[in-house]
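Dropping protein21.cif in here (mmCIF, C-alpha atoms):
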data_my_file
loop_
_atom_site.label_atom_id
_atom_site.label_comp_id
_atom_site.auth_asym_id
_atom_site.auth_seq_id
_atom_site.Cartn_x
_atom_site.Cartn_y
_atom_site.Cartn_z
CA MET A 1 -19.27 23.66 -2.34
CA ASN A 2 -21.54 21.26 -0.53
CA ASN A 3 -25.24 21.75 0.10
CA GLU A 4 -25.04 21.61 3.87
CA PRO A 5 -26.17 24.74 5.71
CA ILE A 6 -23.24 26.95 6.63
CA ASP A 7 -22.71 26.69 10.37
CA SER A 8 -21.76 29.71 12.41
CA THR A 9 -18.29 28.37 13.13
CA LEU A 10 -17.62 28.18 9.39
CA LYS A 11 -18.21 31.93 9.13
CA GLU A 12 -15.83 32.48 12.00
CA ASP A 13 -13.24 30.15 10.50
CA LYS A 14 -13.44 31.91 7.16
CA ALA A 15 -13.23 35.30 8.82
CA MET A 16 -10.01 34.25 10.57
CA MET A 17 -8.44 33.56 7.21
CA GLU A 18 -9.84 36.68 5.60
CA GLN A 19 -8.17 38.79 8.26
CA LEU A 20 -4.85 37.59 6.90
CA LEU A 21 -5.62 37.80 3.22
CA SER A 22 -8.28 39.55 1.23
CA THR A 23 -11.16 37.47 -0.05
CA GLU A 24 -10.04 38.56 -3.50
CA ALA A 25 -6.62 36.97 -3.06
CA LEU A 26 -8.14 33.83 -1.64
CA SER A 27 -10.61 33.51 -4.47
CA GLN A 28 -7.86 34.21 -7.01
CA PHE A 29 -5.95 31.28 -5.60
CA ASP A 30 -9.08 29.16 -5.92
CA ALA A 31 -9.52 30.29 -9.51
CA ALA A 32 -5.89 29.51 -10.31
CA MET A 33 -6.31 26.03 -8.90
CA HIS A 34 -9.39 25.54 -11.07
CA GLU A 35 -7.40 26.09 -14.24
CA VAL A 36 -7.00 22.91 -16.25
CA PRO A 37 -5.82 22.20 -19.80
CA ALA A 38 -8.59 22.44 -22.39
CA GLY A 39 -10.73 19.31 -22.60
CA TYR A 40 -9.07 17.73 -19.57
CA PHE A 41 -12.24 16.67 -17.77
CA GLU A 42 -13.90 15.55 -21.01
CA GLN A 43 -11.06 13.16 -21.77
CA PHE A 44 -10.29 12.06 -18.24
CA PRO A 45 -12.97 9.33 -17.79
CA GLU A 46 -11.98 7.66 -21.05
CA SER A 47 -8.26 7.89 -20.37
CA ILE A 48 -8.66 6.49 -16.88
CA LEU A 49 -10.65 3.52 -18.22
CA LEU A 50 -7.93 2.85 -20.78
CA LYS A 51 -5.33 3.01 -18.06
CA ILE A 52 -7.33 0.63 -15.86
CA LYS A 53 -7.63 -1.86 -18.72
CA ALA A 54 -3.95 -1.51 -19.57
CA THR A 55 -2.82 -1.98 -15.99
CA ALA A 56 -5.35 -4.66 -15.08
CA ASN A 57 -4.67 -7.05 -17.96
CA PRO A 58 -0.89 -7.46 -17.81
CA THR A 59 -1.04 -7.59 -14.04
CA SER A 60 -3.68 -10.27 -13.97
CA ALA A 61 -1.98 -12.21 -16.76
CA LYS A 62 1.33 -11.97 -14.93
CA PHE A 63 -0.36 -12.91 -11.68
CA PHE A 64 -2.00 -15.92 -13.26
CA THR A 65 1.26 -16.99 -14.90
CA ILE A 66 3.18 -16.70 -11.64
CA GLY A 67 0.27 -18.31 -9.80
CA ARG A 68 0.12 -21.24 -12.20
CA LEU A 69 3.87 -21.74 -12.15
CA SER A 70 4.04 -21.75 -8.38
CA MET A 71 1.07 -24.12 -8.18
CA ALA A 72 2.74 -26.49 -10.65
CA ALA A 73 6.01 -26.29 -8.74
CA ALA A 74 4.24 -27.05 -5.48
CA VAL A 75 2.41 -30.05 -6.99
CA LEU A 76 5.67 -31.37 -8.48
CA LEU A 77 7.42 -30.97 -5.16
CA ILE A 78 4.66 -32.84 -3.34
CA ILE A 79 4.70 -35.66 -5.93
CA ALA A 80 8.50 -35.90 -5.86
CA SER A 81 8.75 -35.96 -2.06
CA THR A 82 5.92 -38.51 -1.82
CA PHE A 83 7.66 -40.72 -4.41
CA ILE A 84 11.01 -40.52 -2.59
CA PHE A 85 9.34 -41.29 0.75
CA VAL A 86 7.45 -44.29 -0.65
CA GLN A 87 10.57 -45.63 -2.39
CA LYS A 88 12.65 -45.30 0.76
CA ASN A 89 10.08 -47.17 2.82
CA LYS A 90 9.85 -49.85 0.15
CA THR A 91 13.66 -50.42 0.16
CA ASP A 92 13.81 -50.58 3.96
CA ASN A 93 11.02 -53.13 4.02
CA GLN A 94 12.73 -55.19 1.31
CA ILE A 95 16.00 -55.30 3.27
CA ALA A 96 14.10 -56.33 6.38
CA THR A 97 12.24 -59.06 4.45
CA ILE A 98 15.47 -60.47 2.96
CA ALA A 99 17.14 -60.56 6.30
CA ILE A 100 14.33 -62.39 7.98
CA HIS A 101 12.91 -64.69 5.39
CA GLU A 102 15.54 -65.37 2.77
CA ILE A 103 18.40 -66.54 4.94
CA PRO A 104 18.35 -70.33 5.25
CA ILE A 105 18.13 -71.67 8.79
CA SER A 106 21.27 -73.78 8.32
CA GLU A 107 23.21 -70.67 7.35
CA MET A 108 21.93 -68.84 10.36
CA GLU A 109 22.87 -71.76 12.63
CA ALA A 110 26.31 -71.95 11.09
CA TYR A 111 26.73 -68.23 11.60
CA VAL A 112 25.79 -68.49 15.28
CA ASN A 113 27.89 -71.65 15.88
CA ASN A 114 30.86 -70.18 14.06
CA ASN A 115 30.75 -67.13 16.24
CA GLU A 116 30.55 -69.29 19.37
CA TRP A 117 33.47 -71.35 18.08
CA ILE A 118 35.50 -68.24 17.34
CA ALA A 119 34.62 -66.88 20.76
CA ASP A 120 35.67 -70.20 22.37
CA VAL A 121 38.88 -70.19 20.43
CA ASP A 122 39.65 -66.59 21.42
CA VAL A 123 39.00 -67.15 25.10
CA GLN A 124 40.96 -70.37 25.10
CA SER A 125 43.95 -68.80 23.34
CA GLU A 126 43.95 -65.93 25.83
CA ILE A 127 43.90 -68.39 28.75
CA ASN A 128 46.79 -70.30 27.21
CA LYS A 129 48.76 -67.09 26.74
CA ILE A 130 48.25 -66.08 30.37
CA GLU A 131 49.29 -69.49 31.57
CA THR A 132 52.40 -69.39 29.43
CA ASN A 133 53.32 -65.91 30.61
CA PHE A 134 52.69 -66.90 34.19
CA GLU A 135 54.97 -69.83 33.82
CA THR A 136 57.70 -67.75 32.25
CA GLY A 137 57.14 -64.96 34.81
CA SER A 138 56.73 -62.28 32.16
CA LEU A 139 53.17 -61.28 32.98
CA SER A 140 52.55 -57.72 32.20
CA LYS A 141 49.58 -55.43 32.39
CA ASP A 142 49.06 -55.59 28.66
CA SER A 143 49.41 -59.32 28.29
CA ILE A 144 45.68 -59.93 28.09
CA ASN A 145 45.43 -57.55 25.17
CA MET B 1 -28.79 12.46 -12.03
CA GLN B 2 -28.46 9.03 -10.41
CA SER B 3 -27.38 8.88 -6.79
CA ASP B 4 -23.93 7.56 -5.89
CA GLN B 5 -25.55 4.59 -4.20
CA ASP B 6 -27.48 3.58 -7.34
CA ILE B 7 -24.36 3.87 -9.47
CA ILE B 8 -22.34 1.83 -7.01
CA ILE B 9 -25.02 -0.89 -6.89
CA GLN B 10 -24.89 -0.99 -10.68
CA PHE B 11 -21.11 -1.28 -10.57
CA GLN B 12 -21.16 -3.98 -7.91
CA SER B 13 -23.81 -6.03 -9.72
CA SER B 14 -21.42 -6.14 -12.71
CA ILE B 15 -24.20 -5.22 -15.15
CA ASN B 16 -22.14 -2.54 -16.77
CA LYS B 17 -19.13 -1.76 -14.66
CA GLU B 18 -17.49 0.61 -17.10
CA GLN B 19 -20.60 2.67 -17.63
CA ALA B 20 -21.25 2.96 -13.91
CA PHE B 21 -17.66 3.83 -13.23
CA THR B 22 -17.62 6.48 -15.94
CA GLN B 23 -20.71 8.05 -14.36
CA LEU B 24 -18.98 8.19 -10.99
CA VAL B 25 -15.84 9.70 -12.50
CA LYS B 26 -17.81 12.34 -14.37
CA LYS B 27 -19.73 13.22 -11.24
CA HIS B 28 -16.77 13.60 -8.89
CA GLN B 29 -13.64 14.08 -10.99
CA SER B 30 -13.44 17.86 -10.76
CA LYS B 31 -13.85 18.00 -6.96
CA VAL B 32 -11.21 15.33 -6.49
CA TYR B 33 -8.85 17.01 -8.92
CA TYR B 34 -9.24 20.45 -7.34
CA GLN B 35 -8.71 19.07 -3.87
CA ILE B 36 -5.50 17.40 -5.00
CA LYS B 37 -4.30 20.39 -6.98
CA LYS B 38 -4.73 22.70 -4.01
CA MET B 39 -2.38 20.38 -2.14
CA VAL B 40 0.30 19.89 -4.81
CA ILE B 41 -0.29 23.01 -6.95
CA GLU B 42 1.07 21.53 -10.20
CA HIS B 43 -1.32 20.14 -12.80
CA ALA B 44 0.92 17.24 -13.84
CA ASP B 45 1.21 16.05 -10.24
CA ALA B 46 -2.49 16.52 -9.58
CA ASP B 47 -3.28 14.55 -12.74
CA ASP B 48 -0.99 11.65 -11.73
CA ILE B 49 -2.49 11.51 -8.25
CA ALA B 50 -6.05 11.78 -9.57
CA GLN B 51 -5.40 8.84 -11.89
CA SER B 52 -4.09 6.64 -9.09
CA VAL B 53 -7.07 7.65 -6.94
CA TRP B 54 -9.55 6.51 -9.60
CA ILE B 55 -7.64 3.30 -10.27
CA LYS B 56 -7.86 2.56 -6.54
CA ILE B 57 -11.56 3.33 -6.58
CA TRP B 58 -12.04 0.89 -9.49
CA ASN B 59 -10.15 -1.83 -7.62
CA LYS B 60 -11.90 -1.31 -4.29
CA LEU B 61 -15.41 -0.32 -5.27
CA ASP B 62 -16.68 -3.91 -5.25
CA GLY B 63 -15.87 -4.07 -1.55
CA PHE B 64 -17.37 -0.68 -0.67
CA LYS B 65 -20.19 -1.34 1.81
CA MET B 66 -21.76 2.11 1.73
CA GLU B 67 -21.40 2.52 5.47
CA SER B 68 -20.07 6.00 4.84
CA GLU B 69 -20.80 8.49 2.07
CA PHE B 70 -19.03 7.66 -1.18
CA SER B 71 -17.68 11.20 -1.41
CA THR B 72 -16.09 10.93 2.06
CA TRP B 73 -14.44 7.65 1.07
CA LEU B 74 -13.30 9.14 -2.22
CA PHE B 75 -11.83 12.24 -0.59
CA ARG B 76 -10.11 10.07 1.98
CA ILE B 77 -8.44 8.01 -0.74
CA ALA B 78 -7.50 11.24 -2.53
CA TYR B 79 -6.05 12.64 0.68
CA ASN B 80 -4.00 9.50 1.37
CA GLU B 81 -2.71 9.32 -2.20
CA THR B 82 -1.74 13.00 -2.09
CA VAL B 83 0.09 12.62 1.23
CA ASN B 84 1.90 9.53 -0.13
CA PHE B 85 2.90 11.49 -3.21
CA ILE B 86 4.19 14.43 -1.16
CA ASN B 87 6.16 12.10 1.12
CA LYS B 88 7.70 10.29 -1.86
CA GLN B 89 8.62 13.61 -3.42
CA LYS B 90 10.25 14.71 -0.18
CA LYS B 91 12.30 11.50 -0.14
CA TYR B 92 13.47 11.95 -3.72
CA ASP B 93 14.17 15.64 -3.52
CA GLY B 94 15.26 15.90 0.08
CA HIS B 95 12.95 18.87 0.28
CA VAL B 96 10.43 20.50 -1.99
CA ASN B 97 11.80 23.55 -3.71
CA ILE B 98 8.91 25.86 -3.08
CA ASP B 99 10.37 28.83 -4.94
CA ASP B 100 10.85 26.76 -8.09
CA GLN B 101 7.34 25.43 -7.79
CA ASN B 102 5.90 28.88 -7.38
CA GLN B 103 7.76 30.23 -10.38
CA SER B 104 6.56 27.42 -12.58
CA ASN B 105 3.00 27.42 -11.34
CA THR B 106 1.89 30.98 -11.03
CA SER B 107 -0.10 31.56 -14.13
CA PRO B 108 0.27 35.08 -15.55
CA SER B 109 -3.24 34.92 -16.96
CA THR B 110 -4.73 34.85 -13.46
CA THR B 111 -2.40 37.47 -12.11
CA GLY B 112 -2.53 40.35 -14.52
CA ASP B 113 -2.05 42.89 -11.74
CA PRO B 114 1.53 42.65 -10.40
CA HIS B 115 0.38 43.33 -6.84
CA SER B 116 -2.16 40.51 -6.86
CA ALA B 117 0.42 38.30 -8.58
CA LYS B 118 2.74 38.94 -5.66
CA ILE B 119 0.02 38.12 -3.15
CA GLN B 120 -0.79 35.01 -5.14
CA ILE B 121 2.82 33.83 -4.96
CA LYS B 122 2.90 34.57 -1.24
CA LEU B 123 -0.26 32.59 -0.70
CA GLU B 124 0.93 29.59 -2.69
CA HIS B 125 4.28 29.75 -0.93
CA SER B 126 2.59 29.74 2.47
CA ILE B 127 0.20 26.95 1.54
CA LEU B 128 3.05 24.75 0.34
CA GLN B 129 4.85 25.25 3.62
CA LEU B 130 1.93 24.05 5.71
CA PRO B 131 2.11 20.48 7.00
CA GLU B 132 -0.02 18.16 4.82
CA LYS B 133 -2.81 17.70 7.35
CA GLN B 134 -3.13 21.40 8.08
CA ARG B 135 -3.05 22.09 4.34
CA VAL B 136 -5.89 19.72 3.53
CA VAL B 137 -7.97 20.77 6.53
CA PHE B 138 -7.62 24.40 5.51
CA MET B 139 -8.64 23.63 1.91
CA LEU B 140 -11.59 21.49 2.87
CA ARG B 141 -12.83 23.95 5.47
CA TYR B 142 -12.25 27.23 3.70
CA TYR B 143 -12.91 26.33 0.08
CA GLU B 144 -15.12 23.23 0.20
CA GLU B 145 -16.93 24.43 3.35
CA PHE B 146 -17.04 20.90 4.76
CA ASN B 147 -18.07 20.45 8.37
CA TYR B 148 -15.46 19.20 10.80
CA GLU B 149 -17.08 15.76 11.08
CA LYS B 150 -16.53 15.14 7.39
CA ILE B 151 -13.04 16.63 7.48
CA ALA B 152 -12.20 14.37 10.43
CA SER B 153 -13.40 11.29 8.51
CA ILE B 154 -11.38 12.24 5.45
CA THR B 155 -8.16 12.95 7.30
CA GLY B 156 -8.56 10.14 9.81
CA THR B 157 -8.53 12.42 12.81
CA THR B 158 -10.97 13.57 15.48
CA VAL B 159 -13.28 16.58 15.15
CA GLY B 160 -11.21 18.35 17.80
CA GLY B 161 -8.04 17.46 15.94
CA ALA B 162 -9.42 18.83 12.67
CA LYS B 163 -10.46 22.09 14.37
CA ALA B 164 -7.01 22.38 15.90
CA ASN B 165 -5.45 21.75 12.49
CA TYR B 166 -7.44 24.58 10.92
CA HIS B 167 -6.47 27.01 13.65
CA GLN B 168 -2.84 25.94 13.45
CA ALA B 169 -2.95 26.40 9.67
CA VAL B 170 -4.25 29.96 10.02
CA LYS B 171 -1.63 30.75 12.65
CA LYS B 172 1.18 29.30 10.56
CA MET B 173 0.00 31.17 7.44
CA GLN B 174 -0.02 34.36 9.46
CA GLU B 175 3.63 33.79 10.43
CA LEU B 176 4.65 32.84 6.90
CA LEU B 177 2.94 35.84 5.33
CA LYS B 178 4.70 38.13 7.81
CA GLN B 179 8.07 36.61 6.93
CA ASP B 180 7.59 37.30 3.24
#
Entire entry expressed as structure tokens:
Amino acid sequence: MNNEPIDSTLKEDKAMMEQLLSTEALSQFDAAMHEVPAGYFEQFPESILLKIKATANPTSAKFFTIGRLSMAAAVLLIIASTFIFVQKNKTDNQIATIAIHEIPISEMEAYVNNNEWIADVDVQSEINKIETNFETGSLSKDSIN
Amino acid sequence: MQSDQDIIIQFQSSINKEQAFTQLVKKHQSKVYYQIKKMVIEHADADDIAQSVWIKIWNKLDGFKMESEFSTWLFRIAYNETVNFINKQKKYDGHVNIDDQNQSNTSPSTTGDPHSAKIQIKLEHSILQLPEKQRVVFMLRYYEEFNYEKIASITGTTVGGAKANYHQAVKKMQELLKQD
């Protein structure tokens, strides 16, 4: 029961219910619902505190364990991916440096000249082939290939 | 006796959380328990729900801003926990076997007279068949004599909605009592 003054509608509302059932029956139900095992309310505050402690500790410990593990995993992942990224960049740069700086100029010139020579040779041989075929009259579509 | 507000301040300042909490439990435990029991009827169920209500209060009390009355907040948590429990039970059982519940719950000590025992069973039967919201509104209005504003805050409805729920509850009980 609260300490607020009973408003008129409350009386009406209660009367509605009391038309269906006697106040005796309604108060008997109330009394039945107020039955509790002996000492229940005396022990309840202590038992609820014990339950709170029991549920709070393993949960928090578990939470912290899971939290720490996931944090460690995340840090490891970041370190690993950073390491791989740095290493990859390093290798790429090294290849680029070797290509540019470590090849002797003479070698590069020889490479270029050789290619020109090969190209000259190829073109010349193709011209010769065409001429030969033309002379023999066996020129075909595929002769250039 | 210390006011709820003072106890909550003590709890939130972490001076002696357990002591403050125990004070709150002692002050409100019976009202919470009775409200729950009137909804679920069985002591074991009411005890389980009451425990989860107080565990929730412990976990959330630090964040309680005292914008509403503590008792309203407490009853609201109790109402939500009870409705969750009933819904879970419905899922597990398919439906609540009201007859079984009535047989196991009607205490012979309170119903010495066979006639009043019969009425008691009828009443419990009817109450258990009411929808949860109508059930709690009926209990809070008839037995706790709460005003509709408070009932509306607890059940998360409007004042008009709470009034309608009470009237619907009475009407439904009338039908159910006639059937029996």
Query raised in the report: CA of Ala152 in chain B to CA of Lys65 in chain B: how many Å, to one decimal?
Result: 19.6 Å
Report task. To verify the selection step, state as a PyMOL selection string which residues the PyMOL selection byres ((chain A) within 8 of (chain B)) yields on this input. Result -> chain A and resi 1-2+6+10+13-14+16-17+20+25+28-34+36+41+45-46+48-49+52
Per-residue nearest contacts of range 6-68 of chain B to range 74-86 of chain B (7 Å; all atoms listed in the file) as a tab-separated table:
residue	atom	partner	partner_atom	distance
B:Val32	CA	B:Phe75	CA	6.7
B:Ile36	CA	B:Thr82	CA	6.5
B:Ile49	CA	B:Thr82	CA	6.4
B:Val53	CA	B:Ala78	CA	5.7
If you keep C-alpha atoms, can you produce a file of those selected residues as a PDB file, in the frame of the given file?
ATOM      1  CA  VAL B  32     -11.210  15.330  -6.490  1.00  0.00           C
ATOM      2  CA  ILE B  36      -5.500  17.400  -5.000  1.00  0.00           C
ATOM      3  CA  ILE B  49      -2.490  11.510  -8.250  1.00  0.00           C
ATOM      4  CA  VAL B  53      -7.070   7.650  -6.940  1.00  0.00           C
TER       5      VAL B  53
END
Report summary line: The distance between CA of Ala46 in chain B and CA of Gly156 in chain B is 21.3 Å
Would you fill the gaps in range 138-156 of chain B so it has N, CA, C and O atoms, then print it as a PDB file, in the frame of the given file?
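Here's the written file rebuild.pdb:
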ATOM      1  N   PHE B 138      -7.349  23.015   5.919  1.00  0.00           N
ATOM      2  CA  PHE B 138      -7.620  24.400   5.510  1.00  0.00           C
ATOM      3  C   PHE B 138      -8.402  24.451   4.198  1.00  0.00           C
ATOM      4  O   PHE B 138      -9.400  25.155   4.075  1.00  0.00           O
ATOM      5  N   MET B 139      -7.969  23.652   3.222  1.00  0.00           N
ATOM      6  CA  MET B 139      -8.640  23.630   1.910  1.00  0.00           C
ATOM      7  C   MET B 139     -10.085  23.159   2.021  1.00  0.00           C
ATOM      8  O   MET B 139     -10.990  23.738   1.440  1.00  0.00           O
ATOM      9  N   LEU B 140     -10.248  22.078   2.770  1.00  0.00           N
ATOM     10  CA  LEU B 140     -11.590  21.490   2.870  1.00  0.00           C
ATOM     11  C   LEU B 140     -12.537  22.392   3.664  1.00  0.00           C
ATOM     12  O   LEU B 140     -13.725  22.470   3.370  1.00  0.00           O
ATOM     13  N   ARG B 141     -11.992  23.084   4.630  1.00  0.00           N
ATOM     14  CA  ARG B 141     -12.830  23.950   5.470  1.00  0.00           C
ATOM     15  C   ARG B 141     -13.122  25.263   4.754  1.00  0.00           C
ATOM     16  O   ARG B 141     -14.263  25.668   4.632  1.00  0.00           O
ATOM     17  N   TYR B 142     -12.069  25.898   4.272  1.00  0.00           N
ATOM     18  CA  TYR B 142     -12.250  27.230   3.700  1.00  0.00           C
ATOM     19  C   TYR B 142     -12.924  27.159   2.329  1.00  0.00           C
ATOM     20  O   TYR B 142     -13.902  27.866   2.083  1.00  0.00           O
ATOM     21  N   TYR B 143     -12.401  26.321   1.460  1.00  0.00           N
ATOM     22  CA  TYR B 143     -12.910  26.330   0.080  1.00  0.00           C
ATOM     23  C   TYR B 143     -14.086  25.385  -0.139  1.00  0.00           C
ATOM     24  O   TYR B 143     -15.036  25.721  -0.824  1.00  0.00           O
ATOM     25  N   GLU B 144     -14.030  24.196   0.425  1.00  0.00           N
ATOM     26  CA  GLU B 144     -15.120  23.230   0.200  1.00  0.00           C
ATOM     27  C   GLU B 144     -16.249  23.412   1.215  1.00  0.00           C
ATOM     28  O   GLU B 144     -17.331  22.881   1.040  1.00  0.00           O
ATOM     29  N   GLU B 145     -15.965  24.137   2.281  1.00  0.00           N
ATOM     30  CA  GLU B 145     -16.930  24.430   3.350  1.00  0.00           C
ATOM     31  C   GLU B 145     -17.493  23.153   3.975  1.00  0.00           C
ATOM     32  O   GLU B 145     -18.676  23.055   4.291  1.00  0.00           O
ATOM     33  N   PHE B 146     -16.626  22.149   4.116  1.00  0.00           N
ATOM     34  CA  PHE B 146     -17.040  20.900   4.760  1.00  0.00           C
ATOM     35  C   PHE B 146     -17.132  21.124   6.262  1.00  0.00           C
ATOM     36  O   PHE B 146     -16.369  21.921   6.818  1.00  0.00           O
ATOM     37  N   ASN B 147     -18.039  20.366   6.902  1.00  0.00           N
ATOM     38  CA  ASN B 147     -18.070  20.450   8.370  1.00  0.00           C
ATOM     39  C   ASN B 147     -16.913  19.620   8.941  1.00  0.00           C
ATOM     40  O   ASN B 147     -16.326  18.790   8.225  1.00  0.00           O
ATOM     41  N   TYR B 148     -16.627  19.855  10.203  1.00  0.00           N
ATOM     42  CA  TYR B 148     -15.460  19.200  10.800  1.00  0.00           C
ATOM     43  C   TYR B 148     -15.612  17.682  10.912  1.00  0.00           C
ATOM     44  O   TYR B 148     -14.623  16.961  10.899  1.00  0.00           O
ATOM     45  N   GLU B 149     -16.857  17.213  11.004  1.00  0.00           N
ATOM     46  CA  GLU B 149     -17.080  15.760  11.080  1.00  0.00           C
ATOM     47  C   GLU B 149     -16.577  15.091   9.801  1.00  0.00           C
ATOM     48  O   GLU B 149     -15.882  14.073   9.837  1.00  0.00           O
ATOM     49  N   LYS B 150     -16.939  15.692   8.690  1.00  0.00           N
ATOM     50  CA  LYS B 150     -16.530  15.140   7.390  1.00  0.00           C
ATOM     51  C   LYS B 150     -15.015  15.262   7.213  1.00  0.00           C
ATOM     52  O   LYS B 150     -14.365  14.317   6.742  1.00  0.00           O
ATOM     53  N   ILE B 151     -14.487  16.416   7.600  1.00  0.00           N
ATOM     54  CA  ILE B 151     -13.040  16.630   7.480  1.00  0.00           C
ATOM     55  C   ILE B 151     -12.298  15.594   8.328  1.00  0.00           C
ATOM     56  O   ILE B 151     -11.289  15.023   7.901  1.00  0.00           O
ATOM     57  N   ALA B 152     -12.831  15.345   9.526  1.00  0.00           N
ATOM     58  CA  ALA B 152     -12.200  14.370  10.430  1.00  0.00           C
ATOM     59  C   ALA B 152     -12.208  12.974   9.804  1.00  0.00           C
ATOM     60  O   ALA B 152     -11.212  12.247   9.875  1.00  0.00           O
ATOM     61  N   SER B 153     -13.329  12.611   9.159  1.00  0.00           N
ATOM     62  CA  SER B 153     -13.400  11.290   8.510  1.00  0.00           C
ATOM     63  C   SER B 153     -12.406  11.183   7.352  1.00  0.00           C
ATOM     64  O   SER B 153     -11.781  10.147   7.158  1.00  0.00           O
ATOM     65  N   ILE B 154     -12.284  12.260   6.603  1.00  0.00           N
ATOM     66  CA  ILE B 154     -11.380  12.240   5.450  1.00  0.00           C
ATOM     67  C   ILE B 154      -9.915  12.143   5.887  1.00  0.00           C
ATOM     68  O   ILE B 154      -9.148  11.365   5.334  1.00  0.00           O
ATOM     69  N   THR B 155      -9.571  12.907   6.902  1.00  0.00           N
ATOM     70  CA  THR B 155      -8.160  12.950   7.300  1.00  0.00           C
ATOM     71  C   THR B 155      -7.816  11.930   8.371  1.00  0.00           C
ATOM     72  O   THR B 155      -6.664  11.849   8.792  1.00  0.00           O
ATOM     73  N   GLY B 156      -8.807  11.180   8.804  1.00  0.00           N
ATOM     74  CA  GLY B 156      -8.560  10.140   9.810  1.00  0.00           C
ATOM     75  C   GLY B 156      -8.155  10.715  11.153  1.00  0.00           C
ATOM     76  O   GLY B 156      -7.258  10.215  11.817  1.00  0.00           O
TER      77      GLY B 156
END
